[in-house]
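See below for run12.cif, which holds mmCIF, C-alpha atoms.
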```
data_query
#
loop_
_atom_site.label_atom_id
_atom_site.label_comp_id
_atom_site.auth_asym_id
_atom_site.auth_seq_id
_atom_site.Cartn_x
_atom_site.Cartn_y
_atom_site.Cartn_z
CA MET A 280 3.82 -40.10 -22.27
CA ASN A 281 2.02 -40.53 -25.61
CA ILE A 282 2.47 -38.25 -28.59
CA ALA A 283 -0.81 -36.35 -28.05
CA ALA A 284 0.08 -35.56 -24.43
CA ALA A 285 3.54 -34.38 -25.49
CA VAL A 286 2.06 -32.09 -28.15
CA ASN A 287 -0.42 -30.62 -25.65
CA GLU A 288 2.37 -29.98 -23.18
CA ASN A 289 4.38 -28.19 -25.88
CA PHE A 290 1.36 -26.07 -26.73
CA ALA A 291 1.01 -25.15 -23.04
CA ASN A 292 4.69 -24.16 -22.89
CA TYR A 293 4.31 -22.04 -26.03
CA SER A 294 1.28 -20.38 -24.45
CA ASN A 295 3.19 -19.47 -21.28
CA TYR A 296 6.10 -18.13 -23.32
CA LEU A 297 3.82 -15.99 -25.49
CA ILE A 298 1.94 -14.60 -22.48
CA ARG A 299 5.21 -13.63 -20.80
CA SER A 300 6.47 -12.08 -24.05
CA ALA A 301 3.23 -10.12 -24.31
CA MET A 302 3.77 -8.80 -20.79
CA PHE A 303 7.21 -7.52 -21.78
CA VAL A 304 5.83 -5.71 -24.83
CA TYR A 305 2.87 -4.36 -22.80
CA ALA A 306 5.46 -2.92 -20.41
CA LEU A 307 7.13 -1.13 -23.34
CA ALA A 308 3.71 0.17 -24.43
CA PHE A 309 3.09 1.39 -20.87
CA LEU A 310 6.39 3.30 -20.85
CA ALA A 311 5.62 4.83 -24.26
CA HIS A 312 2.15 5.91 -23.12
CA LEU A 313 3.68 7.36 -19.96
CA ALA A 314 6.17 9.29 -22.10
CA GLU A 315 3.26 10.55 -24.21
CA TRP A 316 1.61 12.05 -21.13
CA VAL A 317 4.88 13.40 -19.71
CA PHE A 318 6.25 14.94 -22.91
CA GLY A 319 2.87 15.83 -24.36
CA GLY A 320 2.46 18.91 -22.17
CA ARG A 321 2.34 22.40 -23.49
CA SER A 322 5.49 24.27 -24.35
CA LYS A 323 6.33 27.58 -22.63
CA ILE A 324 5.14 29.48 -25.68
CA ALA A 325 1.85 27.60 -25.65
CA VAL A 326 1.41 28.26 -21.93
CA GLN A 327 2.05 32.00 -22.40
CA SER A 328 -0.29 32.07 -25.38
CA ALA A 329 -3.00 30.30 -23.39
CA ALA A 330 -2.53 32.77 -20.54
CA LEU A 331 -2.99 35.74 -22.90
CA ILE A 332 -6.08 34.15 -24.43
CA ALA A 333 -7.48 33.42 -20.95
CA GLU A 334 -6.87 37.03 -19.92
CA ALA A 335 -8.69 38.31 -23.00
CA GLU A 336 -11.56 35.91 -22.39
CA ALA A 337 -11.76 37.04 -18.76
CA LYS A 338 -12.10 40.67 -19.85
CA GLU A 339 -14.84 39.72 -22.31
CA ALA A 340 -16.60 37.75 -19.58
CA GLU A 341 -16.45 40.76 -17.24
CA ALA A 342 -17.93 43.00 -19.91
CA GLU A 343 -20.69 40.47 -20.61
CA ALA A 344 -21.40 40.15 -16.88
CA ALA A 345 -21.71 43.93 -16.60
CA LYS A 346 -24.22 43.94 -19.47
CA GLN A 347 -26.25 41.16 -17.87
CA LYS A 348 -26.22 42.94 -14.53
CA ALA A 349 -27.50 46.10 -16.17
CA ALA A 350 -30.23 44.09 -17.90
CA GLN A 351 -31.25 42.58 -14.55
CA GLN A 352 -31.68 45.98 -12.93
CA VAL A 353 -35.14 47.54 -12.77
CA THR A 354 -35.91 51.17 -11.89
CA VAL A 355 -39.16 51.65 -9.95
CA LYS A 356 -40.89 54.69 -8.46
CA THR A 357 -41.27 55.00 -4.71
CA ALA A 358 -44.33 56.28 -2.86
CA THR A 359 -42.63 59.66 -2.33
CA GLY A 360 -42.15 60.17 -6.05
CA GLY A 361 -38.47 59.19 -6.14
CA THR A 362 -36.89 56.28 -7.97
CA VAL A 363 -34.85 53.29 -6.81
CA THR A 364 -32.91 50.69 -8.79
CA LEU A 365 -33.55 47.05 -7.89
CA GLU A 366 -32.01 43.83 -9.19
CA ARG A 367 -34.14 40.90 -10.23
CA PRO A 368 -33.42 37.81 -8.11
CA LYS A 369 -31.55 35.15 -10.00
CA VAL A 370 -31.63 31.42 -9.48
CA VAL A 371 -28.17 29.91 -9.08
CA THR A 372 -27.80 26.28 -10.13
CA ARG A 373 -24.76 24.09 -10.67
CA ALA A 374 -24.26 23.52 -14.37
CA SER A 375 -24.12 19.91 -15.46
CA ALA A 376 -21.22 18.65 -17.53
CA SER A 377 -23.28 18.86 -20.72
CA ASP A 378 -24.26 22.49 -20.03
CA ARG A 379 -20.77 23.93 -19.54
CA GLY A 380 -19.88 24.06 -23.22
CA ILE A 381 -16.28 23.01 -22.53
CA ALA A 382 -14.57 21.42 -25.53
CA ASP A 383 -12.62 18.18 -25.45
CA GLY A 384 -8.93 18.39 -24.62
CA PRO A 385 -6.29 17.77 -27.29
CA GLY A 386 -5.61 14.22 -26.03
CA ALA A 387 -2.73 12.54 -24.23
CA ALA A 388 -0.18 14.03 -26.66
CA GLY A 389 -1.47 17.54 -25.92
CA GLY A 390 -0.99 18.61 -29.53
CA ASN A 391 2.76 18.18 -29.05
CA GLU A 392 4.61 16.52 -31.94
CA LYS A 393 6.99 14.67 -29.62
CA GLY A 394 4.15 13.45 -27.44
CA ASP A 395 2.22 12.29 -30.49
CA LEU A 396 5.23 10.27 -31.64
CA TYR A 397 5.41 8.48 -28.30
CA GLY A 398 1.69 7.83 -28.51
CA ARG A 399 1.99 6.21 -31.93
CA ILE A 400 4.87 4.07 -30.69
CA ALA A 401 2.75 3.03 -27.72
CA VAL A 402 -0.12 1.95 -29.97
CA SER A 403 2.30 -0.03 -32.14
CA PHE A 404 3.67 -1.82 -29.08
CA THR A 405 0.11 -2.47 -27.91
CA VAL A 406 -0.79 -4.09 -31.24
CA LEU A 407 2.30 -6.32 -31.10
CA ALA A 408 1.62 -7.25 -27.47
CA TRP A 409 -2.01 -8.08 -28.28
CA LEU A 410 -0.94 -10.37 -31.13
CA LEU A 411 1.38 -12.23 -28.76
CA HIS A 412 -1.30 -12.24 -26.07
CA ALA A 413 -4.03 -13.58 -28.37
CA SER A 414 -1.63 -16.22 -29.72
CA GLY A 415 -0.91 -17.32 -26.16
CA VAL A 416 -4.63 -17.73 -25.51
CA ALA A 417 -5.00 -19.71 -28.75
CA PHE A 418 -2.12 -22.06 -27.81
CA ARG A 419 -3.71 -22.57 -24.39
CA ALA A 420 -6.93 -23.60 -26.14
CA ALA A 421 -4.96 -26.01 -28.31
CA SER A 422 -3.24 -27.52 -25.28
CA VAL A 423 -6.52 -28.28 -23.50
CA GLN A 424 -8.58 -28.86 -26.68
CA ARG A 425 -11.51 -26.80 -25.39
CA ALA A 426 -12.50 -23.19 -24.74
CA PRO A 427 -9.58 -21.42 -23.02
CA TRP A 428 -11.59 -20.11 -20.08
CA GLY A 429 -12.22 -23.09 -17.82
CA ASN A 430 -10.54 -21.59 -14.72
CA MET A 431 -9.50 -18.20 -13.35
CA TYR A 432 -6.10 -18.23 -15.04
CA GLU A 433 -7.59 -18.84 -18.46
CA PHE A 434 -10.47 -16.41 -17.87
CA SER A 435 -8.03 -13.65 -16.78
CA THR A 436 -5.72 -14.04 -19.76
CA THR A 437 -8.64 -14.13 -22.20
CA PHE A 438 -10.32 -11.17 -20.48
CA GLY A 439 -7.20 -9.04 -20.93
CA ALA A 440 -6.91 -9.99 -24.60
CA VAL A 441 -10.56 -9.06 -25.24
CA ALA A 442 -10.23 -5.72 -23.40
CA VAL A 443 -7.16 -4.74 -25.45
CA GLY A 444 -8.84 -6.00 -28.63
CA ALA A 445 -11.88 -3.80 -27.94
CA TYR A 446 -9.59 -0.78 -27.40
CA LEU A 447 -7.74 -1.44 -30.66
CA LEU A 448 -11.05 -1.87 -32.47
CA LEU A 449 -12.18 1.56 -31.27
CA LEU A 450 -8.91 3.03 -32.54
CA ALA A 451 -9.39 1.27 -35.89
CA LEU A 452 -12.86 2.83 -36.08
CA LYS A 453 -11.19 6.27 -35.76
CA LYS A 454 -12.50 6.87 -32.26
CA ASP A 455 -10.38 9.28 -30.21
CA VAL A 456 -9.70 6.93 -27.28
CA ARG A 457 -5.90 6.86 -27.10
CA TRP A 458 -6.18 8.41 -23.64
CA ILE A 459 -7.31 4.96 -22.39
CA GLY A 460 -4.00 3.39 -23.40
CA LEU A 461 -1.99 4.18 -20.26
CA PHE A 462 -4.69 2.91 -17.92
CA LEU A 463 -5.37 -0.16 -20.07
CA THR A 464 -1.76 -1.32 -20.33
CA THR A 465 -1.33 -0.79 -16.58
CA SER A 466 -4.34 -2.92 -15.70
CA VAL A 467 -3.51 -5.63 -18.26
CA LEU A 468 -0.01 -5.94 -16.82
CA LEU A 469 -1.50 -6.34 -13.35
CA ASP A 470 -4.07 -8.82 -14.67
CA LEU A 471 -1.48 -11.01 -16.41
CA GLY A 472 0.96 -10.74 -13.52
CA LEU A 473 -1.70 -11.92 -11.09
CA ALA A 474 -2.75 -14.68 -13.49
CA LEU A 475 0.79 -16.05 -13.86
CA SER A 476 1.88 -15.69 -10.23
CA VAL A 477 -1.27 -16.51 -8.25
CA LEU A 478 -3.97 -17.95 -10.51
CA TYR A 479 -1.89 -20.17 -12.75
CA THR A 480 -2.95 -23.81 -13.17
CA SER A 481 -1.55 -26.38 -15.55
CA SER A 482 -3.51 -27.45 -18.63
CA GLU A 483 -6.16 -29.95 -17.64
CA GLN A 484 -9.64 -31.10 -18.55
CA LEU A 485 -12.77 -29.78 -16.90
CA VAL A 486 -15.20 -31.38 -14.51
CA PRO A 487 -18.10 -33.18 -16.28
CA ALA A 488 -20.58 -30.36 -15.57
CA LEU A 489 -18.57 -28.01 -17.78
CA HIS A 490 -18.41 -30.31 -20.79
CA SER A 491 -21.00 -28.42 -22.81
CA TYR A 492 -21.19 -26.12 -25.80
CA TRP A 493 -22.67 -23.59 -23.36
CA LEU A 494 -19.12 -23.08 -22.07
CA TRP A 495 -18.32 -21.37 -25.37
CA ILE A 496 -21.51 -19.29 -25.31
CA HIS A 497 -22.05 -18.36 -21.66
CA VAL A 498 -18.47 -17.66 -20.57
CA SER A 499 -17.44 -15.92 -23.81
CA CYS A 500 -20.36 -13.51 -23.37
CA ALA A 501 -19.30 -12.90 -19.75
CA ILE A 502 -15.73 -12.12 -20.87
CA ILE A 503 -16.85 -9.69 -23.59
CA SER A 504 -19.29 -8.00 -21.21
CA GLY A 505 -16.63 -7.62 -18.53
CA ALA A 506 -14.11 -6.17 -20.98
CA ILE A 507 -16.54 -3.49 -22.17
CA PHE A 508 -17.67 -2.80 -18.60
CA TYR A 509 -14.00 -2.25 -17.75
CA LEU A 510 -13.50 0.32 -20.53
CA ALA A 511 -16.66 2.09 -19.36
CA ALA A 512 -15.38 2.06 -15.76
CA VAL A 513 -12.14 3.77 -16.87
CA GLY A 514 -14.19 6.43 -18.64
CA THR A 515 -16.40 6.86 -15.56
CA LEU A 516 -13.47 7.24 -13.18
CA LEU A 517 -11.81 9.82 -15.43
CA PHE A 518 -15.16 11.61 -15.75
CA LEU A 519 -15.21 12.17 -11.98
CA PHE A 520 -11.71 13.70 -12.04
CA ARG A 521 -12.40 15.82 -15.12
CA ASP A 522 -15.77 16.98 -13.74
CA HIS A 523 -14.08 18.11 -10.53
CA TYR A 524 -11.48 19.96 -12.63
CA GLU A 525 -14.13 21.68 -14.77
CA VAL A 526 -16.04 22.82 -11.69
CA ALA A 527 -12.80 24.36 -10.42
CA VAL A 528 -12.21 26.02 -13.81
CA THR A 529 -15.65 27.60 -13.92
CA ALA A 530 -15.18 28.81 -10.34
CA GLY A 531 -11.74 30.24 -11.15
CA ARG A 532 -9.96 27.86 -8.75
CA ALA A 533 -8.15 25.57 -11.23
CA SER A 534 -4.36 25.41 -11.08
CA ASP A 535 -2.22 25.22 -14.22
CA GLY A 536 0.35 22.79 -12.83
CA ARG A 537 1.09 19.24 -13.96
CA TRP A 538 -2.23 17.88 -12.69
CA GLY A 539 -4.14 20.68 -14.37
CA ASP A 540 -2.28 20.04 -17.64
CA ILE A 541 -3.21 16.34 -17.54
CA MET A 542 -6.85 17.12 -16.84
CA ARG A 543 -6.90 19.73 -19.59
CA ARG A 544 -5.82 17.15 -22.18
CA LEU A 545 -8.58 14.67 -21.37
CA PRO A 546 -11.93 14.72 -23.19
CA SER A 547 -14.50 16.97 -21.56
CA ALA A 548 -16.57 15.62 -18.67
CA ALA A 549 -19.59 15.51 -20.98
CA SER A 550 -17.69 13.41 -23.53
CA LEU A 551 -16.35 11.01 -20.90
CA ASP A 552 -19.82 10.65 -19.40
CA LYS A 553 -21.26 9.94 -22.84
CA PHE A 554 -18.52 7.41 -23.63
CA ALA A 555 -19.09 5.48 -20.39
CA TYR A 556 -22.85 5.50 -20.84
CA ARG A 557 -22.67 4.26 -24.42
CA MET A 558 -20.27 1.45 -23.51
CA ASN A 559 -22.45 0.30 -20.62
CA ALA A 560 -25.67 0.59 -22.61
CA LEU A 561 -24.09 -1.25 -25.55
CA VAL A 562 -23.06 -4.31 -23.55
CA PHE A 563 -25.90 -4.47 -21.01
CA PRO A 564 -28.12 -6.61 -23.30
CA LEU A 565 -25.19 -9.04 -23.72
CA TRP A 566 -24.80 -9.26 -19.93
CA THR A 567 -28.53 -9.97 -19.71
CA PHE A 568 -28.12 -12.77 -22.24
CA THR A 569 -25.12 -14.07 -20.25
CA ILE A 570 -27.33 -14.58 -17.20
CA ILE A 571 -30.09 -16.19 -19.26
CA ALA A 572 -27.59 -18.52 -20.96
CA GLY A 573 -26.18 -19.46 -17.56
CA ALA A 574 -29.66 -20.36 -16.34
CA ILE A 575 -30.26 -22.57 -19.38
CA TRP A 576 -26.89 -24.26 -18.84
CA ALA A 577 -27.70 -24.77 -15.14
CA GLN A 578 -30.92 -26.56 -16.13
CA ALA A 579 -28.99 -28.89 -18.43
CA ALA A 580 -26.19 -29.54 -15.90
CA TRP A 581 -27.98 -29.54 -12.53
CA GLY A 582 -31.67 -29.84 -13.35
CA ARG A 583 -32.69 -26.33 -12.23
CA TYR A 584 -32.60 -22.89 -13.83
CA TRP A 585 -31.84 -20.95 -10.65
CA GLY A 586 -30.59 -22.06 -7.25
CA TRP A 587 -29.29 -18.88 -5.60
CA ASP A 588 -25.73 -20.12 -5.91
CA PRO A 589 -23.28 -17.31 -4.88
CA LYS A 590 -22.07 -16.85 -8.46
CA GLU A 591 -25.64 -16.69 -9.80
CA THR A 592 -26.69 -14.30 -7.03
CA TRP A 593 -23.84 -11.86 -7.61
CA ALA A 594 -24.31 -12.00 -11.37
CA PHE A 595 -27.91 -10.93 -10.76
CA ILE A 596 -26.81 -8.23 -8.29
CA THR A 597 -24.43 -6.91 -10.96
CA TRP A 598 -27.28 -6.89 -13.48
CA VAL A 599 -29.51 -4.95 -11.06
CA ALA A 600 -26.73 -2.44 -10.35
CA TYR A 601 -26.18 -1.73 -14.05
CA ALA A 602 -29.95 -1.56 -14.62
CA CYS A 603 -30.17 1.06 -11.85
CA TYR A 604 -27.34 3.00 -13.49
CA LEU A 605 -29.01 3.00 -16.91
CA HIS A 606 -32.29 4.06 -15.31
CA ALA A 607 -30.49 6.79 -13.39
CA ARG A 608 -28.96 8.15 -16.61
CA ALA A 609 -32.48 8.50 -17.98
CA THR A 610 -33.62 10.37 -14.84
CA ALA A 611 -32.81 14.09 -14.75
CA GLY A 612 -32.00 14.19 -11.04
CA TRP A 613 -29.42 11.38 -11.24
CA LYS A 614 -27.27 12.32 -14.19
CA GLY A 615 -23.62 13.14 -13.82
CA ARG A 616 -21.70 12.25 -10.65
CA LYS A 617 -24.50 10.34 -8.92
CA ALA A 618 -24.95 8.06 -11.92
CA ALA A 619 -21.16 7.70 -12.20
CA TYR A 620 -20.95 6.44 -8.63
CA LEU A 621 -23.63 3.88 -9.46
CA ALA A 622 -21.64 2.72 -12.49
CA LEU A 623 -18.51 2.22 -10.38
CA ILE A 624 -20.49 0.31 -7.75
CA ALA A 625 -21.87 -1.91 -10.52
CA PHE A 626 -18.38 -2.63 -11.85
CA GLY A 627 -17.24 -3.32 -8.29
CA CYS A 628 -20.00 -5.94 -8.08
CA PHE A 629 -18.66 -7.50 -11.30
CA LEU A 630 -15.13 -7.65 -9.88
CA PHE A 631 -16.33 -9.16 -6.60
CA ASN A 632 -18.35 -11.71 -8.52
CA TYR A 633 -15.15 -12.74 -10.27
CA TYR A 634 -12.44 -12.53 -7.62
CA GLY A 635 -14.35 -12.58 -4.34
CA VAL A 636 -16.87 -15.31 -5.12
CA ASN A 637 -14.39 -17.53 -6.99
CA ILE A 638 -11.69 -17.40 -4.31
CA PHE A 639 -13.49 -16.92 -0.99
CA VAL A 640 -16.99 -18.35 -1.50
CA SER A 641 -17.70 -21.98 -2.32
CA GLY A 642 -20.58 -23.13 -4.48
CA LYS A 643 -21.44 -25.02 -7.61
CA HIS A 644 -19.35 -22.56 -9.65
CA SER A 645 -16.15 -23.21 -7.66
CA TYR A 646 -13.92 -23.96 -10.62
CA ALA A 647 -11.29 -21.30 -9.93
CA GLY A 648 -8.42 -23.77 -9.90
CA VAL A 649 -6.56 -21.89 -7.11
#
```

How does the structure come out when it is put into structure tokens?
Amino acid sequence: MNIAAAVNENFANYSNYLIRSAMFVYALAFLAHLAEWVFGGRSKIAVQSAALIAEAEAKEAEAEAAKQKAAQQVTVKTATGGTVTLERPKVVTRASASDRGIADGPGAAGGNEKGDLYGRIAVSFTVLAWLLHASGVAFRAASVQRAPWGNMYEFSTTFGAVAVGAYLLLLALKKDVRWIGLFLTTSVLLDLGLALSVLYTSSEQLVPALHSYWLWIHVSCAIISGAIFYLAAVGTLLFLFRDHYEVAVTAGRASDGRWGDIMRRLPSAASLDKFAYRMNALVFPLWTFTIIAGAIWAQAAWGRYWGWDPKETWAFITWVAYACYLHARATAGWKGRKAAYLALIAFGCFLFNYYGVNIFVSGKHSYAGV
């Protein structure tokens, strides 16, 4: 074994060690985030205070309803000279999330000092884990002397690092997104666990078709797009739960148990819907460029821009699904839950394009390494 090969093997070993160390710290961050949600609930005094406030608000609502009912009543004369009181018919519609006027919840910590402490510890662990994670990806790149996303193992590890990096960037920009932390650390642990146990391949060079600067451009754009799509999917899924909770609240059917307390602390359905839409709209042009860059690379590698390869086809299907979602958000009849279902279907197409096509379908893009 020559010196260069020995150095590359050492870099690969360092990479594996750093990725495993990152998983350990991500697990600590997960536990801290879990503690934030568990211990961030309201105290007994806060619950009693909220109950008194709710009772006062209910009385005010009853008084306002009585006034509105009186305003809706009309007194008319009958043919016999008498009078009768009639009520104007009213149109009943389901209020959309943006029309309910419900404020955002206090966050995962629930305004509790102990919960907030656990949340800050969780973010600190997440930063440390991300530094280890990103270093592991960098050492993998050094070991193969190319872009560290030539197979599914490398793509998965880099994808997780980009997703966590995007989350930390939002926090650095003072965005109130700490509620994503528990779901993010959970999914990153699953992602890295799957990468190390099932998708792992040793450091090796790529097939000739992948020796191109387009590997840096095309695949990096796909990774960034997928990471932002993932954050948007988390927001969309939580929107569906929070929207269901708000409908129950407005109908007077919401419980105040543990589930209700968790839902209460999330951002409002309108805020979650807006967050998911902005994330998807922000990265959709980059996903469009990803497909275009892939077509240009295909022309250079295989002599054609498009060949209906399974990977190309599902990338296009994913693009169409997200385009339908963005169009639906601009259409009054498809806002809210219907558009959210479309967004989740679109992200499902992205996941199938990655896992399903790479593992179960063969084609020119069969470079999974598993």

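CA of Leu469 (chain A) is positioned 25.6 Å from CA of Trp495 (chain A).
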
Since I can't run it myself right now, could you work out what the PyMOL selection byres ((chain A and resi 603) around 12) selects here and report it as a ChimeraX atom specification?
/A:559-560,563,596-602,604-610,613-614,617-625

Would you write out, as a PDB file with C-alpha atoms, in the frame of the given file, every residue that the PyMOL selection byres ((chain A and resi 580) around 9) captures in this file?
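Result file is expr-v1.pdb:
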```pdb
ATOM      1  CA  PRO A 487     -18.100 -33.180 -16.280  1.00  0.00           C
ATOM      2  CA  ALA A 488     -20.580 -30.360 -15.570  1.00  0.00           C
ATOM      3  CA  LEU A 489     -18.570 -28.010 -17.780  1.00  0.00           C
ATOM      4  CA  SER A 491     -21.000 -28.420 -22.810  1.00  0.00           C
ATOM      5  CA  ILE A 575     -30.260 -22.570 -19.380  1.00  0.00           C
ATOM      6  CA  TRP A 576     -26.890 -24.260 -18.840  1.00  0.00           C
ATOM      7  CA  ALA A 577     -27.700 -24.770 -15.140  1.00  0.00           C
ATOM      8  CA  GLN A 578     -30.920 -26.560 -16.130  1.00  0.00           C
ATOM      9  CA  ALA A 579     -28.990 -28.890 -18.430  1.00  0.00           C
ATOM     10  CA  TRP A 581     -27.980 -29.540 -12.530  1.00  0.00           C
ATOM     11  CA  GLY A 582     -31.670 -29.840 -13.350  1.00  0.00           C
ATOM     12  CA  ARG A 583     -32.690 -26.330 -12.230  1.00  0.00           C
TER      13      ARG A 583
END
```

Expected selection from the PyMOL selection byres ((chain A and resi 423) around 10), given as a ChimeraX atom specification:
/A:284,287-288,290-291,418-422,424-427,429,481-485

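Atom pair CA of Leu310 (chain A) / CA of Glu392 (chain A): separated by 17.3 Å.
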
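The space between CA of Ala417 (chain A) and CA of Lys590 (chain A) spans 26.7 Å.
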
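Here the question is which of A:Asp383, A:Phe595, A:Lys453, A:Leu396 gets nearest to Arg521 (chain A) using all atoms listed in the file, and that residue is A:Asp383.
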
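Considering the residues A:Leu307, A:Ala594, A:Ala572, A:Leu407 and counting all atoms listed in the file, Val498 (chain A) has its shortest atom-to-atom contact with A:Ala572.
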
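Nearest residue to Leu561 (chain A) among A:Ile507, A:Val526, A:Ala548, A:Leu494 is A:Ile507, counting all atoms listed in the file.
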
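When all atoms listed in the file are used to compute distances to Ser547 (chain A), the closest of the residues A:Leu448, A:Ala408, A:Leu519, A:Cys500 turns out to be A:Leu519.
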
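The smallest atom-to-atom distance between Asp588 (chain A) and any of A:Cys628, A:Val317, A:Val406, A:Val636, using all atoms listed in the file, is found for A:Val636.
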
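Of the residues under consideration (A:Phe554, A:Tyr524, A:Tyr633, A:Trp493), A:Phe554 shows the shortest atom-to-atom contact distance to Val456 (chain A) when counting only C-alpha atoms.
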